[in-house]
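Q: Quick one, query21.cif (mmCIF, C-alpha atoms (C1' of nucleotides)):
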```
data_structure
loop_
_atom_site.label_atom_id
_atom_site.label_comp_id
_atom_site.auth_asym_id
_atom_site.auth_seq_id
_atom_site.Cartn_x
_atom_site.Cartn_y
_atom_site.Cartn_z
CA MET A 1056 32.11 -20.28 19.60
CA ARG A 1057 31.87 -17.22 17.53
CA SER A 1058 28.78 -15.29 16.53
CA ALA A 1059 27.97 -14.37 12.97
CA GLU A 1060 29.37 -11.06 11.81
CA PHE A 1061 26.45 -10.10 9.65
CA ASN A 1062 23.02 -8.80 10.63
CA LYS A 1063 20.51 -11.40 9.55
CA GLU A 1064 17.58 -9.02 9.13
CA HIS A 1065 19.68 -6.67 7.07
CA VAL A 1066 20.94 -9.47 4.85
CA LEU A 1067 17.40 -10.78 4.34
CA ARG A 1068 16.16 -7.33 3.36
CA GLN A 1069 18.93 -7.01 0.79
CA ALA A 1070 18.05 -10.44 -0.60
CA MET A 1071 14.36 -9.48 -0.55
CA VAL A 1072 14.93 -6.40 -2.70
CA THR A 1073 17.10 -8.38 -5.10
CA PHE A 1074 14.53 -11.16 -5.50
CA MET A 1075 11.81 -8.55 -6.06
CA GLN A 1076 13.83 -6.82 -8.74
CA TYR A 1077 15.02 -9.79 -10.77
CA GLY A 1078 12.66 -12.59 -9.78
CA TYR A 1079 13.81 -15.88 -8.28
CA ASN A 1080 15.14 -17.60 -11.36
CA LYS A 1081 17.01 -14.60 -12.74
CA THR A 1082 18.67 -13.86 -9.41
CA SER A 1083 21.99 -15.70 -9.36
CA MET A 1084 23.95 -16.58 -6.27
CA GLN A 1085 26.65 -14.27 -7.55
CA THR A 1086 24.15 -11.41 -7.58
CA LEU A 1087 23.08 -12.38 -4.08
CA THR A 1088 26.62 -12.42 -2.73
CA LYS A 1089 27.12 -8.90 -4.06
CA ALA A 1090 23.76 -7.71 -2.75
CA THR A 1091 24.20 -9.16 0.72
CA GLY A 1092 27.95 -8.73 1.03
CA LEU A 1093 28.18 -12.34 2.16
CA HIS A 1094 30.36 -15.00 0.60
CA PRO A 1095 28.79 -18.17 -0.75
CA GLY A 1096 29.94 -20.25 2.20
CA SER A 1097 28.27 -17.94 4.71
CA ILE A 1098 25.00 -17.92 2.80
CA TYR A 1099 24.91 -21.69 2.53
CA CYS A 1100 25.83 -22.02 6.20
CA ALA A 1101 23.11 -19.62 7.34
CA PHE A 1102 20.30 -20.40 4.88
CA LYS A 1103 21.20 -23.82 3.49
CA ASN A 1104 20.73 -22.85 -0.18
CA LYS A 1105 19.18 -20.35 -2.57
CA LYS A 1106 15.67 -21.54 -1.80
CA GLY A 1107 16.33 -21.19 1.92
CA LEU A 1108 17.43 -17.62 1.39
CA LEU A 1109 14.23 -16.92 -0.52
CA LEU A 1110 12.15 -18.44 2.26
CA GLY A 1111 14.00 -16.27 4.77
CA ALA A 1112 13.42 -13.21 2.62
CA ILE A 1113 9.71 -14.02 2.36
CA GLU A 1114 9.44 -14.34 6.12
CA GLN A 1115 11.21 -11.03 6.60
CA TYR A 1116 8.96 -9.39 4.01
CA GLN A 1117 5.87 -10.65 5.77
CA GLN A 1118 7.15 -9.42 9.14
CA ASP A 1119 7.97 -5.97 7.81
CA ARG A 1120 4.65 -5.72 5.99
CA ASN A 1121 2.62 -6.80 9.00
CA ALA A 1122 4.35 -4.19 11.14
CA GLN A 1123 3.82 -1.52 8.49
CA PHE A 1124 0.13 -2.25 8.04
CA GLU A 1125 -0.64 -2.67 11.71
CA THR A 1126 0.87 0.72 12.37
CA LEU A 1127 -1.11 2.17 9.51
CA PHE A 1128 -4.40 0.65 10.63
CA SER A 1129 -3.88 1.75 14.22
CA GLN A 1130 -3.79 5.35 13.02
CA HIS A 1131 -7.32 5.19 11.65
CA THR A 1132 -10.63 4.82 13.38
CA THR A 1133 -12.90 3.82 10.50
CA ALA A 1134 -12.61 0.98 8.03
CA HIS A 1135 -13.00 3.49 5.24
CA SER A 1136 -10.08 5.67 6.24
CA ALA A 1137 -7.89 2.68 7.15
CA LEU A 1138 -8.41 0.93 3.82
CA SER A 1139 -8.19 4.18 1.93
CA ALA A 1140 -4.80 4.79 3.51
CA LEU A 1141 -3.73 1.25 2.64
CA LEU A 1142 -4.67 1.71 -1.00
CA ASP A 1143 -2.83 5.02 -1.05
CA VAL A 1144 0.31 3.22 0.05
CA ILE A 1145 -0.11 0.53 -2.58
CA VAL A 1146 -0.82 2.97 -5.40
CA ASP A 1147 2.13 5.04 -4.29
CA GLU A 1148 4.38 1.98 -4.40
CA CYS A 1149 3.19 1.21 -7.90
CA LEU A 1150 3.87 4.76 -9.03
CA ASN A 1151 7.10 5.56 -7.24
CA GLY A 1152 8.65 2.19 -6.55
CA GLU A 1153 11.37 1.00 -8.86
CA SER A 1154 9.97 -0.69 -11.93
CA GLY A 1155 9.44 -4.40 -11.44
CA GLN A 1156 9.96 -4.11 -7.72
CA VAL A 1157 6.45 -5.00 -6.67
CA CYS A 1158 5.13 -7.19 -3.88
CA LEU A 1159 7.50 -10.09 -3.28
CA LEU A 1160 4.61 -12.44 -2.53
CA THR A 1161 2.51 -11.98 -5.66
CA LYS A 1162 5.52 -11.64 -7.93
CA THR A 1163 7.20 -14.81 -6.69
CA LEU A 1164 3.96 -16.76 -6.57
CA THR A 1165 3.23 -15.87 -10.18
CA GLU A 1166 6.71 -16.96 -11.17
CA LEU A 1167 6.91 -20.20 -9.22
CA GLU A 1168 3.32 -21.43 -9.25
CA GLY A 1169 3.26 -25.01 -10.46
CA GLN A 1170 7.04 -25.28 -10.20
CA ASN A 1171 7.80 -25.35 -6.52
CA ASP A 1172 4.92 -26.43 -4.34
CA GLU A 1173 6.68 -25.71 -1.06
CA ILE A 1174 7.42 -22.07 -1.84
CA SER A 1175 4.05 -21.63 -3.54
CA SER A 1176 2.14 -22.76 -0.50
CA VAL A 1177 4.17 -20.56 1.83
CA LEU A 1178 3.40 -17.61 -0.42
CA ALA A 1179 -0.27 -18.50 -0.71
CA ASN A 1180 -0.55 -18.78 3.07
CA ASN A 1181 1.07 -15.41 3.55
CA LEU A 1182 -1.32 -13.81 1.07
CA ILE A 1183 -4.30 -15.41 2.76
CA SER A 1184 -3.07 -14.07 6.08
CA PHE A 1185 -2.92 -10.62 4.45
CA GLU A 1186 -6.48 -11.11 3.26
CA ASN A 1187 -7.48 -12.09 6.80
CA SER A 1188 -6.07 -8.90 8.23
CA LEU A 1189 -8.13 -6.99 5.65
CA ALA A 1190 -11.19 -8.93 6.79
CA LYS A 1191 -10.48 -7.92 10.36
CA VAL A 1192 -10.45 -4.23 9.49
CA ILE A 1193 -13.70 -4.66 7.58
CA GLN A 1194 -15.26 -6.66 10.40
CA ASP A 1195 -14.49 -3.80 12.77
CA GLY A 1196 -16.30 -1.48 10.39
CA ILE A 1197 -19.31 -3.77 10.39
CA LYS A 1198 -19.34 -3.96 14.16
CA ARG A 1199 -19.24 -0.19 14.31
CA GLN A 1200 -22.20 -0.20 11.88
CA GLU A 1201 -20.10 1.81 9.49
CA ILE A 1202 -20.99 -0.65 6.74
CA SER A 1203 -23.67 -3.29 6.38
CA ALA A 1204 -23.13 -6.88 7.49
CA LYS A 1205 -23.95 -8.26 4.09
CA PRO A 1206 -21.83 -9.05 2.11
CA ASP A 1207 -19.81 -10.27 5.07
CA ALA A 1208 -16.28 -9.20 5.91
CA LYS A 1209 -14.72 -12.29 4.39
CA GLU A 1210 -16.32 -11.80 1.01
CA ARG A 1211 -15.49 -8.10 0.98
CA ALA A 1212 -11.89 -8.84 1.92
CA GLN A 1213 -11.58 -11.36 -0.89
CA PHE A 1214 -12.72 -8.79 -3.40
CA LEU A 1215 -10.39 -6.18 -1.97
CA ALA A 1216 -7.43 -8.55 -2.11
CA MET A 1217 -8.29 -9.42 -5.69
CA GLY A 1218 -8.45 -5.72 -6.51
CA ILE A 1219 -5.06 -5.02 -4.94
CA TYR A 1220 -3.45 -7.84 -6.91
CA GLY A 1221 -5.13 -6.48 -10.02
CA ILE A 1222 -3.96 -2.92 -9.47
CA ARG A 1223 -0.39 -4.10 -9.25
CA THR A 1224 -0.57 -6.03 -12.50
CA TYR A 1225 -2.44 -3.15 -14.11
CA ALA A 1226 0.31 -0.76 -13.04
CA ALA A 1227 2.78 -2.91 -14.96
CA THR A 1228 0.90 -2.06 -18.15
CA ARG A 1229 0.27 1.62 -17.41
CA ARG A 1230 1.97 3.57 -14.66
CA GLN A 1231 -0.44 6.49 -14.63
CA ALA A 1232 -1.38 8.10 -11.35
CA GLU A 1233 -4.80 9.22 -12.54
CA ILE A 1234 -5.87 5.76 -13.65
CA LEU A 1235 -4.50 3.93 -10.63
CA ARG A 1236 -6.20 6.35 -8.25
CA GLN A 1237 -9.45 5.98 -10.10
CA LEU A 1238 -9.19 2.20 -9.91
CA SER A 1239 -8.41 2.20 -6.22
CA ASP A 1240 -11.22 4.67 -5.47
CA ARG A 1241 -13.70 2.55 -7.33
CA LEU A 1242 -12.38 -0.59 -5.68
CA LEU A 1243 -12.77 0.88 -2.21
CA ALA A 1244 -16.26 2.13 -2.99
CA THR A 1245 -17.26 -1.34 -4.21
CA VAL A 1246 -15.83 -3.07 -1.16
CA LEU A 1247 -17.49 -0.73 1.32
CA THR A 1248 -20.90 -0.53 -0.34
CA MET B 810 15.31 -23.57 -52.26
CA ARG B 811 13.66 -25.72 -49.74
CA SER B 812 10.76 -24.91 -47.46
CA ALA B 813 10.86 -25.40 -43.72
CA GLU B 814 9.67 -28.77 -42.51
CA PHE B 815 8.02 -27.53 -39.35
CA ASN B 816 4.73 -25.72 -38.94
CA LYS B 817 5.52 -22.32 -37.50
CA GLU B 818 2.18 -21.82 -35.75
CA HIS B 819 2.39 -25.24 -34.18
CA VAL B 820 5.93 -24.64 -32.97
CA LEU B 821 4.99 -21.26 -31.53
CA ARG B 822 2.06 -22.77 -29.64
CA GLN B 823 4.31 -25.41 -28.13
CA ALA B 824 6.78 -22.72 -27.09
CA MET B 825 3.88 -20.64 -25.76
CA VAL B 826 2.70 -23.42 -23.47
CA THR B 827 6.24 -24.07 -22.26
CA PHE B 828 6.89 -20.42 -21.46
CA MET B 829 3.57 -20.26 -19.61
CA GLN B 830 4.40 -23.29 -17.54
CA TYR B 831 7.96 -22.51 -16.52
CA GLY B 832 8.28 -18.75 -17.10
CA TYR B 833 10.87 -17.20 -19.38
CA ASN B 834 13.95 -17.50 -17.24
CA LYS B 835 13.33 -21.07 -16.14
CA THR B 836 12.64 -22.27 -19.66
CA SER B 837 15.92 -23.49 -21.11
CA MET B 838 16.67 -23.87 -24.79
CA GLN B 839 16.99 -27.59 -24.16
CA THR B 840 13.43 -27.64 -22.85
CA LEU B 841 12.32 -25.67 -25.88
CA THR B 842 13.99 -28.04 -28.32
CA LYS B 843 12.16 -30.92 -26.70
CA ALA B 844 8.86 -29.05 -26.60
CA THR B 845 9.01 -27.87 -30.19
CA GLY B 846 10.79 -30.86 -31.68
CA LEU B 847 13.19 -28.46 -33.37
CA HIS B 848 16.95 -28.56 -33.08
CA PRO B 849 18.83 -25.51 -31.76
CA GLY B 850 20.03 -24.55 -35.24
CA SER B 851 16.51 -24.44 -36.61
CA ILE B 852 15.23 -22.35 -33.74
CA TYR B 853 18.03 -19.84 -34.06
CA CYS B 854 17.57 -19.73 -37.82
CA ALA B 855 13.83 -19.14 -37.60
CA PHE B 856 13.57 -16.93 -34.49
CA LYS B 857 17.08 -15.54 -34.03
CA ASN B 858 17.32 -16.41 -30.34
CA LYS B 859 15.38 -17.29 -27.20
CA LYS B 860 13.94 -13.80 -26.90
CA GLY B 861 12.81 -13.95 -30.52
CA LEU B 862 11.02 -17.20 -29.85
CA LEU B 863 9.26 -15.62 -26.89
CA LEU B 864 8.20 -12.65 -29.01
CA GLY B 865 6.86 -15.05 -31.61
CA ALA B 866 4.99 -16.99 -28.96
CA ILE B 867 3.50 -13.78 -27.58
CA GLU B 868 2.30 -12.78 -31.03
CA GLN B 869 0.74 -16.20 -31.55
CA TYR B 870 -0.90 -16.04 -28.17
CA GLN B 871 -2.38 -12.67 -28.93
CA GLN B 872 -3.68 -13.88 -32.29
CA ASP B 873 -5.27 -16.99 -30.80
CA ARG B 874 -6.79 -15.02 -27.96
CA ASN B 875 -8.23 -12.35 -30.23
CA ALA B 876 -9.84 -14.99 -32.41
CA GLN B 877 -11.22 -16.81 -29.36
CA PHE B 878 -12.70 -13.70 -27.80
CA GLU B 879 -14.10 -12.30 -31.02
CA THR B 880 -15.90 -15.56 -31.61
CA LEU B 881 -17.17 -15.51 -28.07
CA PHE B 882 -18.36 -11.91 -28.24
CA SER B 883 -20.09 -12.48 -31.57
CA GLN B 884 -22.28 -15.12 -29.94
CA HIS B 885 -23.79 -12.64 -27.50
CA THR B 886 -26.05 -9.68 -28.06
CA THR B 887 -25.69 -7.82 -24.78
CA ALA B 888 -22.62 -6.52 -23.01
CA HIS B 889 -23.73 -8.33 -19.91
CA SER B 890 -23.93 -11.76 -21.47
CA ALA B 891 -20.77 -11.25 -23.52
CA LEU B 892 -18.67 -10.21 -20.54
CA SER B 893 -20.28 -12.82 -18.35
CA ALA B 894 -19.26 -15.46 -20.86
CA LEU B 895 -15.74 -14.03 -20.96
CA LEU B 896 -15.41 -14.20 -17.19
CA ASP B 897 -16.72 -17.76 -17.25
CA VAL B 898 -13.90 -18.70 -19.60
CA ILE B 899 -11.30 -16.99 -17.44
CA VAL B 900 -12.57 -18.53 -14.21
CA ASP B 901 -12.70 -21.90 -15.90
CA GLU B 902 -9.09 -21.53 -17.04
CA CYS B 903 -8.05 -20.68 -13.49
CA LEU B 904 -9.87 -23.71 -12.13
CA ASN B 905 -9.16 -26.34 -14.76
CA GLY B 906 -5.98 -25.11 -16.43
CA GLU B 907 -2.71 -26.67 -15.39
CA SER B 908 -1.31 -24.99 -12.32
CA GLY B 909 0.95 -22.08 -13.16
CA GLN B 910 -0.21 -22.07 -16.74
CA VAL B 911 -1.99 -18.75 -16.69
CA CYS B 912 -2.12 -15.92 -19.18
CA LEU B 913 1.21 -15.63 -21.00
CA LEU B 914 0.95 -11.85 -21.08
CA THR B 915 0.43 -11.10 -17.41
CA LYS B 916 2.74 -13.87 -16.25
CA THR B 917 5.64 -12.81 -18.46
CA LEU B 918 5.10 -9.12 -17.79
CA THR B 919 5.23 -9.74 -14.05
CA GLU B 920 8.42 -11.73 -14.47
CA LEU B 921 10.27 -9.41 -16.86
CA GLU B 922 9.05 -5.97 -15.80
CA GLY B 923 12.03 -3.75 -15.19
CA GLN B 924 14.38 -6.29 -16.77
CA ASN B 925 13.64 -6.24 -20.45
CA ASP B 926 11.99 -3.07 -21.67
CA GLU B 927 11.41 -4.33 -25.20
CA ILE B 928 9.44 -7.40 -24.17
CA SER B 929 7.70 -5.50 -21.38
CA SER B 930 6.37 -2.86 -23.74
CA VAL B 931 5.17 -5.46 -26.24
CA LEU B 932 3.31 -7.20 -23.44
CA ALA B 933 1.90 -3.96 -22.06
CA ASN B 934 0.67 -2.99 -25.52
CA ASN B 935 -1.02 -6.35 -25.98
CA LEU B 936 -2.75 -6.04 -22.64
CA ILE B 937 -3.91 -2.54 -23.46
CA SER B 938 -5.29 -3.82 -26.73
CA PHE B 939 -7.19 -6.46 -24.75
CA GLU B 940 -8.54 -3.72 -22.53
CA ASN B 941 -9.60 -1.78 -25.62
CA SER B 942 -11.58 -4.71 -26.92
CA LEU B 943 -13.32 -4.87 -23.54
CA ALA B 944 -14.09 -1.17 -23.88
CA LYS B 945 -15.61 -1.81 -27.27
CA VAL B 946 -18.01 -4.41 -25.90
CA ILE B 947 -18.96 -2.05 -23.10
CA GLN B 948 -19.39 0.86 -25.50
CA ASP B 949 -21.82 -1.25 -27.51
CA GLY B 950 -23.77 -1.84 -24.33
CA ILE B 951 -23.88 1.89 -23.67
CA LYS B 952 -25.05 2.61 -27.21
CA ARG B 953 -27.80 0.05 -26.78
CA GLN B 954 -28.74 1.87 -23.55
CA GLU B 955 -28.16 -1.37 -21.70
CA ILE B 956 -25.93 0.49 -19.24
CA SER B 957 -25.48 4.16 -18.42
CA ALA B 958 -22.90 6.31 -20.21
CA LYS B 959 -21.23 7.33 -16.99
CA PRO B 960 -18.73 5.99 -15.96
CA ASP B 961 -17.63 5.77 -19.57
CA ALA B 962 -16.62 2.60 -21.39
CA LYS B 963 -12.92 3.27 -20.99
CA GLU B 964 -13.09 3.60 -17.23
CA ARG B 965 -15.29 0.53 -16.90
CA ALA B 966 -12.92 -1.47 -19.10
CA GLN B 967 -9.96 -0.46 -16.99
CA PHE B 968 -11.69 -1.71 -13.88
CA LEU B 969 -12.69 -4.94 -15.59
CA ALA B 970 -9.15 -5.55 -16.82
CA MET B 971 -7.82 -4.89 -13.34
CA GLY B 972 -10.34 -7.38 -11.95
CA ILE B 973 -9.38 -10.05 -14.44
CA TYR B 974 -5.70 -9.68 -13.58
CA GLY B 975 -6.66 -9.82 -9.93
CA ILE B 976 -8.75 -12.95 -10.28
CA ARG B 977 -5.84 -14.76 -11.86
CA THR B 978 -3.44 -13.85 -9.09
CA TYR B 979 -6.11 -14.63 -6.52
CA ALA B 980 -6.60 -18.06 -8.06
CA ALA B 981 -2.91 -18.75 -7.44
CA THR B 982 -3.57 -18.42 -3.73
CA ARG B 983 -6.89 -20.28 -3.61
CA ARG B 984 -8.21 -22.41 -6.44
CA GLN B 985 -11.81 -22.57 -5.22
CA ALA B 986 -14.66 -22.44 -7.69
CA GLU B 987 -17.10 -20.88 -5.26
CA ILE B 988 -14.83 -17.98 -4.39
CA LEU B 989 -13.69 -17.28 -7.94
CA ARG B 990 -17.27 -17.29 -9.21
CA GLN B 991 -18.31 -14.93 -6.45
CA LEU B 992 -15.44 -12.61 -7.32
CA SER B 993 -16.23 -12.60 -11.00
CA ASP B 994 -19.95 -12.05 -10.37
CA ARG B 995 -19.23 -9.13 -8.14
CA LEU B 996 -16.72 -7.77 -10.62
CA LEU B 997 -19.19 -7.92 -13.47
CA ALA B 998 -21.91 -6.30 -11.39
CA THR B 999 -19.55 -3.47 -10.45
CA VAL B 1000 -18.46 -2.90 -14.03
CA LEU B 1001 -21.99 -2.85 -15.40
CA THR B 1002 -23.58 -0.74 -12.67
"C1'" DT C 13 47.89 -18.46 26.79
"C1'" DT C 14 46.31 -22.40 24.94
"C1'" DT C 15 42.54 -24.85 23.00
"C1'" DA C 16 38.50 -25.56 20.63
"C1'" DA C 17 34.50 -24.18 18.13
"C1'" DG C 18 32.59 -22.15 14.24
"C1'" DC C 19 32.38 -18.30 11.08
"C1'" DT C 20 34.64 -16.38 6.85
"C1'" DT C 21 36.94 -16.77 2.64
"C1'" DG C 22 37.27 -17.73 -2.16
"C1'" DA C 23 38.86 -21.08 -5.27
"C1'" DA C 24 37.02 -25.10 -7.49
"C1'" DC C 25 33.20 -28.35 -8.84
"C1'" DA C 26 30.16 -30.48 -12.11
"C1'" DA C 27 26.10 -29.19 -14.39
"C1'" DT C 28 23.59 -26.42 -17.20
"C1'" DC C 29 23.06 -22.22 -19.79
"C1'" DA C 30 22.32 -19.77 -24.59
"C1'" DT C 31 24.44 -19.89 -28.76
"C1'" DT C 32 27.29 -21.22 -32.90
"C1'" DC C 33 28.67 -23.67 -36.92
"C1'" DA C 34 30.34 -27.02 -40.11
"C1'" DA C 35 28.72 -31.03 -42.21
"C1'" DG C 36 24.83 -33.75 -44.06
"C1'" DA C 37 20.24 -34.00 -46.27
"C1'" DA C 38 16.45 -32.54 -49.10
"C1'" DA C 39 14.09 -30.02 -52.41
"C1'" DA C 40 13.83 -26.79 -56.37
"C1'" DT C 41 16.01 -25.15 -60.59
"C1'" DC C 42 18.49 -25.94 -64.62
"C1'" DG D 1494 20.63 -36.06 -63.56
"C1'" DA D 1495 23.54 -32.28 -61.97
"C1'" DT D 1496 23.69 -28.14 -59.44
"C1'" DT D 1497 22.42 -24.93 -56.23
"C1'" DT D 1498 20.01 -23.35 -52.48
"C1'" DT D 1499 18.27 -23.80 -48.03
"C1'" DC D 1500 17.04 -26.42 -44.10
"C1'" DT D 1501 18.39 -29.84 -40.61
"C1'" DT D 1502 21.39 -31.96 -37.47
"C1'" DG D 1503 23.87 -32.31 -33.21
"C1'" DA D 1504 28.28 -31.85 -31.31
"C1'" DA D 1505 31.02 -28.21 -29.37
"C1'" DT D 1506 31.59 -23.44 -27.47
"C1'" DG D 1507 32.59 -20.44 -23.52
"C1'" DA D 1508 29.97 -18.43 -19.98
"C1'" DT D 1509 27.32 -18.90 -16.01
"C1'" DT D 1510 24.69 -21.70 -12.86
"C1'" DG D 1511 24.09 -23.46 -7.76
"C1'" DT D 1512 26.87 -25.62 -4.54
"C1'" DT D 1513 30.89 -27.51 -1.87
"C1'" DC D 1514 34.88 -27.53 0.97
"C1'" DA D 1515 39.36 -27.07 2.94
"C1'" DA D 1516 42.14 -23.58 4.77
"C1'" DG D 1517 42.38 -19.35 7.51
"C1'" DC D 1518 40.71 -16.40 10.96
"C1'" DT D 1519 38.20 -14.79 15.10
"C1'" DT D 1520 36.28 -15.29 19.37
"C1'" DA D 1521 34.96 -17.50 23.75
"C1'" DA D 1522 36.01 -20.89 27.10
"C1'" DA D 1523 39.64 -23.44 29.64
#
```
Show me this structure written as C-alpha cells.

A:
Amino acid sequence: MRSAEFNKEHVLRQAMVTFMQYGYNKTSMQTLTKATGLHPGSIYCAFKNKKGLLLGAIEQYQQDRNAQFETLFSQHTTAHSALSALLDVIVDECLNGESGQVCLLTKTLTELEGQNDEISSVLANNLISFENSLAKVIQDGIKRQEISAKPDAKERAQFLAMGIYGIRTYAATRRQAEILRQLSDRLLATVLT
Amino acid sequence: MRSAEFNKEHVLRQAMVTFMQYGYNKTSMQTLTKATGLHPGSIYCAFKNKKGLLLGAIEQYQQDRNAQFETLFSQHTTAHSALSALLDVIVDECLNGESGQVCLLTKTLTELEGQNDEISSVLANNLISFENSLAKVIQDGIKRQEISAKPDAKERAQFLAMGIYGIRTYAATRRQAEILRQLSDRLLATVLT
DNA sequence: TTTAAGCTTGAACAATCATTCAAGAAAATC
DNA sequence: GATTTTCTTGAATGATTGTTCAAGCTTAAA
C-alpha cells in the first residue's frame, strides 16, 4: 500500500503537449519518459502502454478545454460576443502558440484516421461534443431572438466547427494575423447571419 | 549506361498513396519497398532517402492535382459552376475515398509542422499555389461581373481554401453525405456572395 | 518493528527503423 | 564479343522502437 508519487493530471498535461508537438508516431517512449519525468515501468503501470497514455492525454485535454470554454462562455451574454471571444482565443493560439502545437484532437485525428479506429472514434466523439457545445451557445442566441431560427443551431454549429478546423490548417500555411482575423470575422458573420 | 527499369511517375504515385494512408512517420521504408516494388538500394539511388521520396511524391501530387483541376475548370464557364464542381470532387473524395487517405498536402503539413521546416515550407507553398488558382477562377468571375469586386478575389479565395481544409477535417469526424454537402453549399454561397 | 503491498528504477528484450554497400545483372559503347 | 557503365539486389548495419521484468525502495497496516 503506497500511493503514486507523481501527479496524474500533471503527467498527462506533459504528455499532451509532447503529443501535440511531435504527433503520436514521432513521439517515442523515451521522449515521453523525459517529458513526464516518469520511468517506463511507471508509465506502463499507470497507463498500460503508449496508446493508453495518449487516451489519457486526450481525456485531460478535453477536460481542460471544456473548463476553459465554459468559463469563457459564461462571461458573455450574447452568442455573438461569446463566439467572437472563442474565435479570438483560437486565432491567438494559431498566432502565438508554438509551431505545430495545435489542437490535440484535430491533429491526432488527421494523423491516425484509418489507422487506429479506437483512438479515431474517441477523437471524433470529442470533436462532436465540442460542436454540440457550440450549438448550445447558438441555440441560446436563437432563443434570445438574437439570430434567426433558420438555419438551425445544429447546422450553424457544423459550419462554425468546420471553419475552426479550417482556420487551424490555414494557419499552418500562413501565420499572418491580418488574414486569420479576417477569416474568423467572416466565419462568424456567416454563422450568425 | 543503362536506363532505370522502373517508371518514376508510377513509383511516386505508389509512394504518394502510401504516405497519404499511413502518414510520413508511420510509413516505413519496408512498406515503401513493397508499395513501390523497388528495393532499398534503388530508392536511395533515385531519391536519396525517405524524405527525398516524400518530396518527390509531393511534387507528383501537385502536378496531378493541377492537371485535374485545370481540366475541371476548363469545362466550366462561370466561377460558380467551376467552384461548385471542385467542391463536388472534394466532398466525393471525403465520402468515397479510403479512410485517412485525404489530401497529401494538408495531412503531411499537419503532421510535420514544427518538425521539418523544409518539407513544411514546400507544402505551405503548394497550398498557397492552390489558393492562388482558386483566386484566379474567382477573379475571372469578377471580371465577368458574375460576382462583385468586393471582397476581392484574394480574400474570397482565402476563405474558400480555409473551408476546403475544414471540410476535410470535418469529414474525419463525420462521414455523412448530407452534412458535407450542406457545408460545401453554404461555403460556396458565402464565397460567392 | 515486522510484514506485506505496490510503486519506482533502469537494464534488457526482441522487433523494427532508416540506411549502406558489395556483388550480380543488364544494357550501351567500342 | 569484350568492355564499361549503371542499375538492381538483398543481406547486413547500428540505432531506435515499444515493452517487460526483477530487484530495490517506500509506505501503510499489523

Q: With all atoms listed in the file as the atoms that count, which of C:DT13, C:DT20, C:DT32, C:DT41 lies nearest to DT1519 of chain D?

A: C:DT20

Q: So that I can check the surroundings of segment 1117-1128 of chain A, please list as a ChimeraX atom specification every protein, DNA and RNA residue that reaches within 9 Å of it, counting all atoms listed in the file and ignoring chain neighbours fewer than 3 positions away.

A: /A:1112-1114,1131-1132,1134,1136-1138,1140-1141,1160,1181,1185,1188,1192

Q: Skip segment 1498-1503 of chain D itself and residues of its chain fewer than 6 positions away, then list as a PyMOL selection string all residues within 12 Å of it, counting only C-alpha atoms (C1' of nucleotides).

A: (chain B and resi 810-815+842+846-855) or (chain C and resi 32-41)

Q: When you count all atoms listed in the file, which of these residues is closest to chain C: B:Ile928, B:Lys859, B:Lys945, B:Leu841?

A: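 Looking only at the distances to chain C, the closest residue turns out to be B:Lys859.
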
Q: Ranking B:Lys835, B:Arg990, B:Ala944, B:Ser957 by minimum distance to chain D and counting only C-alpha atoms (C1' of nucleotides), which one comes first?

A: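 That would be B:Lys835, the residue with the smallest distance to chain D.
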
Q: Excluding same-chain residues fewer than 4 positions from DC25 of chain C, what lies within 12 Å of it counting all atoms listed in the file, as a JSON list (two decimals) with C-alpha atoms (C1' of nucleotides), in the frame of the given file?

A:
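For reference, selection11.json as written:
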```json
[["chain", "number", "residue", "atom", "x", "y", "z"],
["D", 1510, "DT", "C1'", 24.69, -21.70, -12.86],
["D", 1511, "DG", "C1'", 24.09, -23.46, -7.76],
["D", 1512, "DT", "C1'", 26.87, -25.62, -4.54],
["D", 1513, "DT", "C1'", 30.89, -27.51, -1.87],
["D", 1514, "DC", "C1'", 34.88, -27.53, 0.97]]
```

Q: What are the residues of chain C that have an atom within 7 Å of an atom of chain A, counting all atoms listed in the file, as a ChimeraX atom specification?

A: /C:17-20

Q: When the PyMOL selection byres ((chain A and resi 1239-1246) around 8) is applied to the file above, which residues end up in the set, as a ChimeraX atom specification?

A: /A:1135,1138-1139,1142,1146,1211-1212,1214-1215,1218,1222,1235-1238,1247-1248 /B:999

Q: Which value, in Å to one decimal, gives the distance between atom CA of Ser1175 of chain A and atom CA of Tyr831 of chain B?

A: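 Going from atom CA of Ser1175 of chain A over to atom CA of Tyr831 of chain B covers 13.6 Å.
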
Q: Please measure the separation of atom CA of Ala844 of chain B and atom CA of Ala824 of chain B, giving the value in Å to one decimal.

A: 6.7 Å

Q: Could you write out as number ranges by chain the residues of chain A within 8 Å of chain B, counting all atoms listed in the file?

A: A: 1076-1078, 1080-1081, 1153-1156, 1161-1162, 1164-1170, 1176, 1178-1180, 1182-1183, 1213-1214, 1216-1222, 1224-1225, 1227-1229, 1238, 1245

Q: May I ask for the distance between atom CA of Met838 of chain B and atom CA of Glu927 of chain B, given in Å to one decimal place?

A: 20.2 Å
